[in-house]
Amino acid sequence: MHRPGRSREARPGRRRALRYALLAVVALPVAGAVWIGVTGLFARWELLAAQRDLNALRQSVTPASGSGSARERQQVARSAAVHAARAHRLTTGPAWYSASSLPFLGGPVDTLRGAAYAADRLTGEVLLPLAGALPTPTPNRHGGGMAQALTTLQQHAPDLVRAARVVSEVQADVHRLPRSTWLSAADRARADLARQLDRLTPVMADASLAARVLPPMLGTQGDRRYFLAFQNIAEARGTGGVPGAFAVLRANRGHLSFERFGNNTEMATAKADVDLGEDFTARYEGSAPTRVWANSNMSPHFPYAARIWASYWRDHTGEDVDGVIALDPATLGRLLRVTGPARMADGTELSADNVVDLTERTSYARYDDVTRRKAYFVDAARAAAGRLMAAIDDTRLLPGLLMAVHDAQRDGRLKVWSAHTAEQRLLQTRPYSGTLPDAPGPFAGLVVNNAAGSKLDYYLDRSLTWEAEGCSGGERLVTVTVTLTNRAPASGLPGYVTLREDRPNYRTRPGDNRLLVSYYAGVGAGLTGATLDGRPALLASGVERGHSVFALNLELPAGSSRTLVLHLREPHADRAPTLLQQSLVTPQRTTVKPGGACGV
């Protein structure tokens, strides 16, 4: 009788234990949710505080700020790093890890954790080490800005290389975060962070490369000389415009100077002795790029043009150069916007707002004599170069100049080639090398070369639409639509602008243009058909650096538009194409419609 009594007394205890266990099962998720909510709110405040510090740091390094010593910047960077580290700590631990793994519900939690981790790495591993390396504007106009910048660049080269690697890793991490969750605010935050990283990653890659190649290229290890070509984008060529005026730039321990200036007439009798391979010869032999200076840069692959120009210069003077740089009037305009206007020998003010119009349009109306007009181009180049040389050692202007150079490189208006193999191997990985990539994958590039000998490309508009239309037999079907418009007026243009050196056997009017139009597709792409203004068109096919190239000569009357449509079969790929950029007076309008995914 005793044992049953003890059993009855034990039952209430077991029931209480069961109730406590059930309560704990219910309470733990609630407590976890409360914990995540509270710590998430604190983490958001910390991230906002870090963002305020970053905004303050950005303002302190602008050329117009006139403030912000290296020590002050490091203090602000340290504050941002502390806030970001706190946000990261607040979003770690079992509760956050478990919640982020929940189906559907865990998406925003995973996003916030990833954003906090990204902010922690960016501020602690990138921003903080580099804050002291940023140039400091000083009141001294003659502070040896470039030489000082090179010294700083060399000192902090390991930090820049490491920072570029971290930024690339963080970019990949952020792109792996959930793109679409039940919380739109988290989705917007992730998308905004991804966009910022997509802009920052190539900038850091450029900075990392500059730290390795810029000091030797600018003479820290001995004198360097570069052939500098000014491309006239009123007459299109593959790398931009026809090479007109030129200069020889000398670099010695960061000090830059111009040794001489000249124009294309000087190169008329020179020849280039360079072997660029069978594909190049097959595609361009009829245009004689190594014997006709004006045709030397018909290929969009800038290293070809650079090697040809260097060989021309060697034949003309017996001198070797350490590299080649190409720029156009739009680049000069960006530099003049930082330095202020230059004054030409005749008193003309050359400014950011008028340099393209003066050199690409007005000068042709002002001078009937070709010799005087070419001298005008050289004088414009000399005036802009002189203004730039006077500004480059001004520590207040140097950050703005470097940013202008970066923007011109990004837009394909400033290209660089080094005759030193190790440097060129690094340069060709970046867009400003003007390298036509030879890797497989989707690709789209419209390249026009003026075939009339005119200067009518000042009035040329270009648009390209690339659209994937489906898959067939392991290949992707692609339609490319190219529209070219000649906005040249029907009258009033100088004869030199409307010149027809091609001497066609059909009647033309002043302002009519003719272009060699080339479309660069991906490696292994095939053309199944083409139309010009809705009628079947026959295009010549070729290969350049592995790319399939389809070309035709196109008459483009003044005031007209013509539309070329190409139907292609490309090797299977689900991503958008890499785009080739040819920079002329008016930027090309490009639309990409990737379409749906293809099955293998």
# chains A, B, ... in the order shown; residues from 1 in each chain; ligands from 1
>>> residues_around(residues="segment 112-125 of chain A", least_positions_apart="5", cutoff="9 Å", atoms="only C-alpha atoms", output="ChimeraX atom specification")
/A:40,43-44,47,50,54,77-78,80-92,96-97,100,107,130,162-163,166-167,170-171,173-174,177,186,189-190,193
>>> select_by_dssp(residues="segment 463-533 of chain A", states="strand (DSSP E)", output="ChimeraX atom specification")
/A:463-472,475-486,513-523,526-532
>>> write_last_selection(atoms="C-alpha atoms", output="PDB file, in the first residue's frame")
ATOM      1  CA  SER A 463      23.097  52.632 -80.896  1.00  0.00           C
ATOM      2  CA  LEU A 464      23.384  48.903 -80.303  1.00  0.00           C
ATOM      3  CA  THR A 465      20.809  46.482 -78.895  1.00  0.00           C
ATOM      4  CA  TRP A 466      21.922  42.974 -77.982  1.00  0.00           C
ATOM      5  CA  GLU A 467      19.099  40.499 -77.305  1.00  0.00           C
ATOM      6  CA  ALA A 468      19.238  36.783 -76.455  1.00  0.00           C
ATOM      7  CA  GLU A 469      16.266  35.034 -78.059  1.00  0.00           C
ATOM      8  CA  GLY A 470      16.479  31.445 -76.874  1.00  0.00           C
ATOM      9  CA  CYS A 471      18.543  28.308 -77.267  1.00  0.00           C
ATOM     10  CA  SER A 472      18.899  25.618 -79.886  1.00  0.00           C
ATOM     11  CA  GLU A 475      23.778  27.263 -78.671  1.00  0.00           C
ATOM     12  CA  ARG A 476      22.197  30.596 -77.831  1.00  0.00           C
ATOM     13  CA  LEU A 477      20.388  32.595 -80.498  1.00  0.00           C
ATOM     14  CA  VAL A 478      21.203  36.300 -80.429  1.00  0.00           C
ATOM     15  CA  THR A 479      19.882  39.266 -82.393  1.00  0.00           C
ATOM     16  CA  VAL A 480      21.971  42.434 -82.612  1.00  0.00           C
ATOM     17  CA  THR A 481      20.472  45.676 -83.921  1.00  0.00           C
ATOM     18  CA  VAL A 482      22.810  48.509 -84.885  1.00  0.00           C
ATOM     19  CA  THR A 483      21.541  51.960 -85.859  1.00  0.00           C
ATOM     20  CA  LEU A 484      23.857  54.630 -87.268  1.00  0.00           C
ATOM     21  CA  THR A 485      22.717  58.222 -87.792  1.00  0.00           C
ATOM     22  CA  ASN A 486      24.538  60.983 -89.652  1.00  0.00           C
ATOM     23  CA  ASN A 513      29.751  59.729 -95.024  1.00  0.00           C
ATOM     24  CA  ARG A 514      31.048  56.191 -95.476  1.00  0.00           C
ATOM     25  CA  LEU A 515      31.977  53.834 -92.663  1.00  0.00           C
ATOM     26  CA  LEU A 516      33.603  50.444 -92.339  1.00  0.00           C
ATOM     27  CA  VAL A 517      31.260  48.881 -89.775  1.00  0.00           C
ATOM     28  CA  SER A 518      32.524  45.849 -87.838  1.00  0.00           C
ATOM     29  CA  TYR A 519      30.634  43.811 -85.277  1.00  0.00           C
ATOM     30  CA  TYR A 520      32.737  41.786 -82.838  1.00  0.00           C
ATOM     31  CA  ALA A 521      30.940  38.711 -81.491  1.00  0.00           C
ATOM     32  CA  GLY A 522      32.055  36.057 -79.018  1.00  0.00           C
ATOM     33  CA  VAL A 523      34.642  33.385 -79.725  1.00  0.00           C
ATOM     34  CA  GLY A 526      28.409  32.304 -86.264  1.00  0.00           C
ATOM     35  CA  LEU A 527      26.262  34.588 -88.408  1.00  0.00           C
ATOM     36  CA  THR A 528      23.034  33.012 -89.704  1.00  0.00           C
ATOM     37  CA  GLY A 529      21.708  36.092 -91.480  1.00  0.00           C
ATOM     38  CA  ALA A 530      21.734  39.877 -91.667  1.00  0.00           C
ATOM     39  CA  THR A 531      19.611  42.708 -92.994  1.00  0.00           C
ATOM     40  CA  LEU A 532      20.374  46.339 -93.786  1.00  0.00           C
TER      41      LEU A 532
END
>>> closest_residue(among="A:Trp309, A:Arg382, A:Pro108, A:Thr269", to="Gly37 of chain A", atoms="only C-alpha atoms")
A:Pro108
>>> atom_distance(atom1="atom CA of Val109 of chain A", atom2="atom CA of Arg188 of chain A")
13.7 Å
>>> select_by_dssp(residues="segment 80-316 of chain A", states="alpha helix (DSSP H)", output="PyMOL selection string")
chain A and resi 80-90+94-100+107-121+128-131+145-155+157-175+184-217+278-284+302-316
>>> closest_residue(among="A:Arg337, A:His420, A:Arg413, A:Arg260", to="Asn232 of chain A", atoms="only C-alpha atoms")
A:Arg413
>>> closest_residue(among="A:Ser548, A:Ser541, A:Thr239, A:Thr435", to="Arg569 of chain A", atoms="only C-alpha atoms")
A:Ser548
>>> residues_around(residues="Met403 of chain A", least_positions_apart="2", cutoff="12 Å", atoms="only C-alpha atoms", output="list in words")
Val61, Thr62, Pro63, Val203, Asp206, Ala207, Thr331, Arg334, Leu335, Arg337, Val338, Leu397, Leu398, Pro399, Gly400, Leu401, Val405, His406, Asp407, Ala408, Gln409 and Arg410 of chain A
>>> residues_around(residues="Met204 of chain A", least_positions_apart="2", cutoff="9 Å", atoms="only C-alpha atoms", output="list in words")
Leu160, Val161, Ala163, Ala164, Arg165, Val167, Ser168, Leu200, Thr201, Pro202, Asp206, Ala207, Ser208 and Leu209 of chain A
>>> write_last_selection(atoms="N, CA, C and O atoms", output="compact mmCIF listing (two decimals), in the first residue's frame")
# COMPACT_ATOMS: atom_id res chain seq x y z
N LEU A 160 47.48 48.40 -50.39
CA LEU A 160 46.55 48.53 -51.52
C LEU A 160 46.26 47.18 -52.17
O LEU A 160 45.11 46.88 -52.51
N VAL A 161 47.29 46.37 -52.33
CA VAL A 161 47.10 45.04 -52.93
C VAL A 161 46.19 44.20 -52.04
O VAL A 161 45.25 43.53 -52.51
N ALA A 163 44.06 45.31 -49.77
CA ALA A 163 42.72 45.91 -49.72
C ALA A 163 41.91 45.53 -50.95
O ALA A 163 40.71 45.25 -50.85
N ALA A 164 42.54 45.52 -52.12
CA ALA A 164 41.82 45.14 -53.34
C ALA A 164 41.33 43.70 -53.25
O ALA A 164 40.21 43.39 -53.69
N ARG A 165 42.15 42.82 -52.68
CA ARG A 165 41.73 41.43 -52.53
C ARG A 165 40.55 41.31 -51.57
O ARG A 165 39.58 40.58 -51.84
N VAL A 167 38.28 43.63 -50.79
CA VAL A 167 37.08 44.19 -51.41
C VAL A 167 36.46 43.20 -52.39
O VAL A 167 35.23 43.03 -52.44
N SER A 168 37.29 42.52 -53.16
CA SER A 168 36.77 41.52 -54.10
C SER A 168 36.09 40.37 -53.37
O SER A 168 35.03 39.89 -53.78
N LEU A 200 33.15 50.03 -56.19
CA LEU A 200 34.41 50.11 -55.46
C LEU A 200 35.43 49.07 -55.93
O LEU A 200 36.64 49.36 -55.97
N THR A 201 34.98 47.88 -56.29
CA THR A 201 35.90 46.80 -56.63
C THR A 201 36.84 47.15 -57.78
O THR A 201 38.06 46.98 -57.66
N PRO A 202 36.34 47.65 -58.93
CA PRO A 202 37.29 48.00 -59.99
C PRO A 202 38.19 49.17 -59.62
O PRO A 202 39.34 49.22 -60.08
N ASP A 206 42.21 48.96 -59.73
CA ASP A 206 43.06 49.94 -60.40
C ASP A 206 44.11 50.50 -59.45
O ASP A 206 45.28 50.69 -59.82
N ALA A 207 43.70 50.78 -58.20
CA ALA A 207 44.65 51.32 -57.23
C ALA A 207 45.74 50.31 -56.91
O ALA A 207 46.92 50.66 -56.79
N SER A 208 45.35 49.04 -56.80
CA SER A 208 46.32 47.98 -56.54
C SER A 208 47.33 47.87 -57.68
O SER A 208 48.55 47.75 -57.46
N LEU A 209 46.82 47.92 -58.90
CA LEU A 209 47.71 47.85 -60.07
C LEU A 209 48.60 49.08 -60.15
O LEU A 209 49.81 48.97 -60.42
>>> closest_residue(among="A:Leu499, A:Ala305, A:Leu552, A:Ala194", to="Asn449 of chain A", atoms="only C-alpha atoms")
A:Leu552
>>> residues_around(residues="Ala452 of chain A", least_positions_apart="5", cutoff="6 Å", atoms="only C-alpha atoms", output="PyMOL selection string")
chain A and resi 500-502+514
>>> closest_residue(among="A:Pro442, A:Leu388, A:Leu336, A:Gly412", to="Pro587 of chain A", atoms="only C-alpha atoms")
A:Gly412
>>> decode(residues="segment 336-349 of chain A", atoms="all heavy atoms", output="mmCIF file, in the first residue's frame")
data_model
loop_
_atom_site.group_PDB
_atom_site.id
_atom_site.type_symbol
_atom_site.label_atom_id
_atom_site.label_comp_id
_atom_site.auth_asym_id
_atom_site.auth_seq_id
_atom_site.Cartn_x
_atom_site.Cartn_y
_atom_site.Cartn_z
ATOM 1 N N LEU A 336 41.195 69.872 -67.896
ATOM 2 C CA LEU A 336 41.088 71.328 -67.815
ATOM 3 C C LEU A 336 40.001 71.759 -66.835
ATOM 4 O O LEU A 336 40.064 72.860 -66.281
ATOM 5 C CB LEU A 336 40.805 71.911 -69.200
ATOM 6 C CG LEU A 336 41.962 71.847 -70.201
ATOM 7 C CD1 LEU A 336 41.497 72.280 -71.586
ATOM 8 C CD2 LEU A 336 43.127 72.720 -69.740
ATOM 9 N N ARG A 337 39.025 70.910 -66.610
ATOM 10 C CA ARG A 337 37.994 71.245 -65.618
ATOM 11 C C ARG A 337 38.596 71.296 -64.218
ATOM 12 O O ARG A 337 38.122 72.027 -63.346
ATOM 13 C CB ARG A 337 36.844 70.235 -65.680
ATOM 14 C CG ARG A 337 35.603 70.684 -64.913
ATOM 15 C CD ARG A 337 34.396 69.833 -65.242
ATOM 16 N NE ARG A 337 34.017 69.924 -66.635
ATOM 17 C CZ ARG A 337 33.360 70.935 -67.194
ATOM 18 N NH1 ARG A 337 33.026 71.984 -66.448
ATOM 19 N NH2 ARG A 337 33.050 70.927 -68.470
ATOM 20 N N VAL A 338 39.656 70.550 -63.999
ATOM 21 C CA VAL A 338 40.345 70.559 -62.705
ATOM 22 C C VAL A 338 41.372 71.680 -62.648
ATOM 23 O O VAL A 338 41.456 72.417 -61.663
ATOM 24 C CB VAL A 338 41.024 69.200 -62.442
ATOM 25 C CG1 VAL A 338 41.773 69.227 -61.110
ATOM 26 C CG2 VAL A 338 40.010 68.065 -62.459
ATOM 27 N N THR A 339 42.159 71.840 -63.723
ATOM 28 C CA THR A 339 43.270 72.795 -63.693
ATOM 29 C C THR A 339 42.846 74.225 -63.966
ATOM 30 O O THR A 339 43.533 75.169 -63.590
ATOM 31 C CB THR A 339 44.318 72.417 -64.748
ATOM 32 O OG1 THR A 339 43.756 72.584 -66.072
ATOM 33 C CG2 THR A 339 44.776 70.984 -64.582
ATOM 34 N N GLY A 340 41.703 74.402 -64.659
ATOM 35 C CA GLY A 340 41.336 75.717 -65.161
ATOM 36 C C GLY A 340 41.773 75.848 -66.610
ATOM 37 O O GLY A 340 42.533 75.029 -67.132
ATOM 38 N N PRO A 341 41.297 76.865 -67.334
ATOM 39 C CA PRO A 341 41.549 77.000 -68.761
ATOM 40 C C PRO A 341 43.019 77.236 -69.086
ATOM 41 O O PRO A 341 43.794 77.722 -68.262
ATOM 42 C CB PRO A 341 40.700 78.209 -69.184
ATOM 43 C CG PRO A 341 39.942 78.636 -67.988
ATOM 44 C CD PRO A 341 40.453 77.916 -66.800
ATOM 45 N N ALA A 342 43.372 76.874 -70.330
ATOM 46 C CA ALA A 342 44.712 77.147 -70.860
ATOM 47 C C ALA A 342 44.596 78.235 -71.911
ATOM 48 O O ALA A 342 43.527 78.465 -72.486
ATOM 49 C CB ALA A 342 45.312 75.878 -71.464
ATOM 50 N N ARG A 343 45.702 78.915 -72.178
ATOM 51 C CA ARG A 343 45.720 79.998 -73.157
ATOM 52 C C ARG A 343 46.599 79.601 -74.336
ATOM 53 O O ARG A 343 47.769 79.274 -74.162
ATOM 54 C CB ARG A 343 46.253 81.280 -72.521
ATOM 55 C CG ARG A 343 46.179 82.506 -73.408
ATOM 56 C CD ARG A 343 44.753 82.981 -73.587
ATOM 57 N NE ARG A 343 44.119 83.368 -72.333
ATOM 58 C CZ ARG A 343 42.883 83.820 -72.246
ATOM 59 N NH1 ARG A 343 42.129 83.925 -73.348
ATOM 60 N NH2 ARG A 343 42.364 84.160 -71.065
ATOM 61 N N MET A 344 46.022 79.581 -75.533
ATOM 62 C CA MET A 344 46.782 79.226 -76.731
ATOM 63 C C MET A 344 47.604 80.416 -77.211
ATOM 64 O O MET A 344 47.422 81.553 -76.743
ATOM 65 C CB MET A 344 45.832 78.741 -77.827
ATOM 66 C CG MET A 344 45.107 77.444 -77.449
ATOM 67 S SD MET A 344 43.890 76.915 -78.682
ATOM 68 C CE MET A 344 44.928 76.725 -80.136
ATOM 69 N N ALA A 345 48.516 80.174 -78.159
ATOM 70 C CA ALA A 345 49.429 81.221 -78.625
ATOM 71 C C ALA A 345 48.689 82.395 -79.249
ATOM 72 O O ALA A 345 49.142 83.541 -79.164
ATOM 73 C CB ALA A 345 50.421 80.630 -79.628
ATOM 74 N N ASP A 346 47.536 82.132 -79.887
ATOM 75 C CA ASP A 346 46.785 83.221 -80.518
ATOM 76 C C ASP A 346 45.828 83.910 -79.551
ATOM 77 O O ASP A 346 45.019 84.748 -79.957
ATOM 78 C CB ASP A 346 46.024 82.698 -81.741
ATOM 79 C CG ASP A 346 44.934 81.696 -81.365
ATOM 80 O OD1 ASP A 346 44.809 81.359 -80.161
ATOM 81 O OD2 ASP A 346 44.205 81.242 -82.269
ATOM 82 N N GLY A 347 45.900 83.530 -78.275
ATOM 83 C CA GLY A 347 45.045 84.153 -77.265
ATOM 84 C C GLY A 347 43.761 83.406 -76.988
ATOM 85 O O GLY A 347 43.020 83.759 -76.061
ATOM 86 N N THR A 348 43.457 82.379 -77.771
ATOM 87 C CA THR A 348 42.235 81.613 -77.567
ATOM 88 C C THR A 348 42.272 80.890 -76.221
ATOM 89 O O THR A 348 43.279 80.271 -75.871
ATOM 90 C CB THR A 348 42.045 80.572 -78.690
ATOM 91 O OG1 THR A 348 41.983 81.244 -79.947
ATOM 92 C CG2 THR A 348 40.772 79.759 -78.484
ATOM 93 N N GLU A 349 41.179 80.980 -75.487
ATOM 94 C CA GLU A 349 41.078 80.264 -74.217
ATOM 95 C C GLU A 349 40.571 78.856 -74.486
ATOM 96 O O GLU A 349 39.527 78.659 -75.109
ATOM 97 C CB GLU A 349 40.133 80.982 -73.257
ATOM 98 C CG GLU A 349 40.064 80.320 -71.879
ATOM 99 C CD GLU A 349 39.165 81.057 -70.909
ATOM 100 O OE1 GLU A 349 37.954 80.770 -70.911
ATOM 101 O OE2 GLU A 349 39.683 81.921 -70.166
#
